[in-house]
Amino acid sequence: MGRSKGSGEELTRQFEGSALLDDLLALAGSRYDTDGVVVAFRAALKEGHEAREAIPTLFDGEPHFPSPEIARRLYGNLFGLWDVLAEGGPLTLEAPPPREPRHKPEKTPPPSPFGPEGPGEAFVEQAWRHLEDDERSRTRLLHAFENRQDGLLEALDEAGLSDEGYGVARFLLFELHAFLELGRPGKGLARVDSRALTAEPPDGTALPPALVVYAEEALFEAEQDEEAPLSAAELPRVRTLVMRGLGALWSAFTTGA
């Protein structure tokens, strides 16, 4: 089963100019601007280091991001700048000209609703592809998740996770929520009690196997991520929170049927 990356979009390694990178570095709390990054990267390249070793030195401690989108844009620009310097070609600090628009492939339609037995693997596969392809639908479902499950998000905020752990757990819970909403269009899920993340699920709670498999695959991919991996030490904690959240969301789905 394939799946989207943790933010729903893949990292694009492209340097988009010093003006943008300066702003992104400031948002993440780095003391460097683009000129300083160029000096640091050239020194790292001369010493035979790799990008993944050089980029953390740009921050005092862990960087902090307002959103996963800002993190992805910053890392994409840093890796893109590294690639330009590593190739040894001319460096232009101005923003590159806009790319020519490409023909967009047809969007994956939403999957057909499922019954009380829960979604199967085919449903989940089509659902995540739909989220990845259809920005308008993804945005609508994200707003529904943030507005309706604010209690769940507040509990996640207080869970004490790292930036990487929080980002993985938050996006994965959004995807699971979206899958369930797609399984019964027109009737949104009820609000979930924020205490669901701190309590063990009731005995006999059975979760849809396809959603459990999807979550496990997503967590495995997050741990293997090259740019911002989820640490092995934090993985069990994130898994517990995600599975408890899934249990609460599934209960909201079944009781609201």
# chains A, B, ... in the order shown; residues from 1 in each chain; ligands from 1
>>> residues_around(residues="A:Ala54", least_positions_apart="2", cutoff="9 Å", atoms="only C-alpha atoms", output="list in words")
Ala40, Phe41, Ala44, Leu45, His49, Glu50, Ala51, Arg52, Pro56, Thr57 and Leu58 of chain A
>>> residues_around(residues="stretch 151-160 of chain A", least_positions_apart="5", cutoff="10 Å", atoms="only C-alpha atoms", output="ChimeraX atom specification")
/A:145-146,165-166,169-170,173-174,191-198,237-238,241-242,245,248-249
>>> closest_residue(among="A:His130, A:Lys46, A:Arg13, A:Lys107", to="A:Gly76", atoms="only C-alpha atoms")
A:Arg13
>>> residues_around(residues="stretch 219-227 of chain A", least_positions_apart="4", cutoff="10 Å", atoms="only C-alpha atoms", output="ChimeraX atom specification")
/A:3-6,11,51-52,55,72,75-76,79,164-165,167-169,172,213-215,231-232,234-236,238-239,242
>>> select_by_dssp(residues="stretch 74-245 of chain A", states="helix (DSSP H, G or I)", output="MDAnalysis selection string")
chainID A and resid 74:87 121:133 135:148 150:157 163:183 194:197 209:224 235:245
>>> write_last_selection(atoms="C-alpha atoms", output="compact mmCIF listing (two decimals), in the first residue's frame")
# COMPACT_ATOMS: atom_id res chain seq x y z
CA LEU A 74 12.88 25.58 4.53
CA TYR A 75 14.49 22.16 4.17
CA GLY A 76 13.68 22.10 0.46
CA ASN A 77 15.47 25.43 0.00
CA LEU A 78 18.45 24.39 2.13
CA PHE A 79 18.90 21.11 0.26
CA GLY A 80 18.43 22.96 -3.04
CA LEU A 81 21.11 25.50 -2.11
CA TRP A 82 23.42 22.68 -1.05
CA ASP A 83 22.91 20.97 -4.43
CA VAL A 84 23.81 24.17 -6.31
CA LEU A 85 26.99 24.63 -4.27
CA ALA A 86 27.94 20.96 -4.54
CA GLU A 87 27.67 21.10 -8.33
CA GLU A 121 -7.32 -1.77 1.86
CA ALA A 122 -8.65 -0.65 -1.54
CA PHE A 123 -10.68 2.13 0.09
CA VAL A 124 -7.68 3.41 2.05
CA GLU A 125 -5.44 3.31 -1.02
CA GLN A 126 -7.90 5.40 -3.06
CA ALA A 127 -8.62 7.72 -0.13
CA TRP A 128 -5.02 8.81 0.43
CA ARG A 129 -4.48 9.23 -3.31
CA HIS A 130 -7.58 11.41 -3.42
CA LEU A 131 -6.21 13.55 -0.58
CA GLU A 132 -2.88 13.85 -2.39
CA ASP A 133 -4.42 14.74 -5.78
CA GLU A 135 -6.11 20.07 -2.96
CA ARG A 136 -9.61 21.52 -2.63
CA SER A 137 -10.98 18.36 -1.02
CA ARG A 138 -7.91 18.04 1.22
CA THR A 139 -8.28 21.63 2.42
CA ARG A 140 -11.98 21.13 3.15
CA LEU A 141 -11.30 17.97 5.15
CA LEU A 142 -8.41 19.63 7.00
CA HIS A 143 -10.65 22.50 8.06
CA ALA A 144 -13.27 20.02 9.25
CA PHE A 145 -10.64 18.18 11.28
CA GLU A 146 -9.21 21.34 12.87
CA ASN A 147 -12.63 22.84 13.66
CA ARG A 148 -14.33 19.68 14.92
CA ASP A 150 -9.94 20.97 18.45
CA GLY A 151 -10.08 19.09 21.76
CA LEU A 152 -8.02 16.25 20.32
CA LEU A 153 -5.48 18.74 18.96
CA GLU A 154 -5.24 20.53 22.31
CA ALA A 155 -4.49 17.21 23.99
CA LEU A 156 -1.83 16.50 21.37
CA ASP A 157 -0.31 19.94 21.99
CA ASP A 163 8.45 18.91 16.57
CA GLU A 164 8.92 15.80 14.43
CA GLY A 165 6.75 13.62 16.67
CA TYR A 166 4.00 16.21 16.87
CA GLY A 167 4.00 16.74 13.11
CA VAL A 168 3.75 13.02 12.40
CA ALA A 169 0.99 12.40 14.94
CA ARG A 170 -1.05 15.45 13.91
CA PHE A 171 -0.93 14.75 10.19
CA LEU A 172 -1.63 11.05 10.62
CA LEU A 173 -4.66 11.74 12.82
CA PHE A 174 -5.87 14.19 10.17
CA GLU A 175 -5.55 11.54 7.46
CA LEU A 176 -7.42 8.95 9.54
CA HIS A 177 -10.15 11.48 10.30
CA ALA A 178 -10.39 12.35 6.59
CA PHE A 179 -10.67 8.68 5.61
CA LEU A 180 -13.60 8.23 7.97
CA GLU A 181 -15.29 11.38 6.69
CA LEU A 182 -14.89 10.14 3.13
CA GLY A 183 -16.44 6.84 4.22
CA SER A 194 -9.71 15.12 24.44
CA ARG A 195 -9.20 12.58 27.24
CA ALA A 196 -9.07 9.85 24.59
CA LEU A 197 -5.32 10.41 24.19
CA PRO A 209 -7.37 -3.51 10.23
CA ALA A 210 -6.79 -1.45 7.06
CA LEU A 211 -6.51 1.77 9.09
CA VAL A 212 -4.19 0.14 11.62
CA VAL A 213 -1.94 -1.12 8.81
CA TYR A 214 -1.94 2.32 7.20
CA ALA A 215 -0.96 3.99 10.47
CA GLU A 216 1.83 1.47 11.11
CA GLU A 217 3.23 1.97 7.61
CA ALA A 218 3.11 5.74 8.06
CA LEU A 219 4.99 5.52 11.36
CA PHE A 220 7.61 3.26 9.83
CA GLU A 221 8.13 5.70 6.95
CA ALA A 222 8.38 8.60 9.41
CA GLU A 223 11.13 6.78 11.30
CA GLN A 224 13.02 6.18 8.03
CA LEU A 235 8.16 6.18 18.13
CA PRO A 236 6.32 4.12 20.82
CA ARG A 237 4.85 7.27 22.37
CA VAL A 238 3.64 8.59 19.01
CA ARG A 239 2.21 5.16 18.11
CA THR A 240 0.24 5.05 21.38
CA LEU A 241 -1.24 8.51 20.82
CA VAL A 242 -2.14 7.77 17.20
CA MET A 243 -3.80 4.45 18.03
CA ARG A 244 -5.76 5.97 20.90
CA GLY A 245 -6.84 8.79 18.62
>>> atom_distance(atom1="atom CA of A:Ser162", atom2="atom CA of A:Leu230")
8.9 Å
>>> closest_residue(among="A:Leu91, A:Leu25, A:Gln149, A:Glu106", to="A:Leu189", atoms="only C-alpha atoms")
A:Gln149
>>> atom_distance(atom1="atom CA of A:Pro116", atom2="atom CA of A:Leu246")
15.6 Å
>>> residues_around(residues="A:Leu20", least_positions_apart="5", cutoff="12 Å", atoms="only C-alpha atoms", output="ChimeraX atom specification")
/A:14-15,25-27,33-34,70,73-74,76-78,93-96
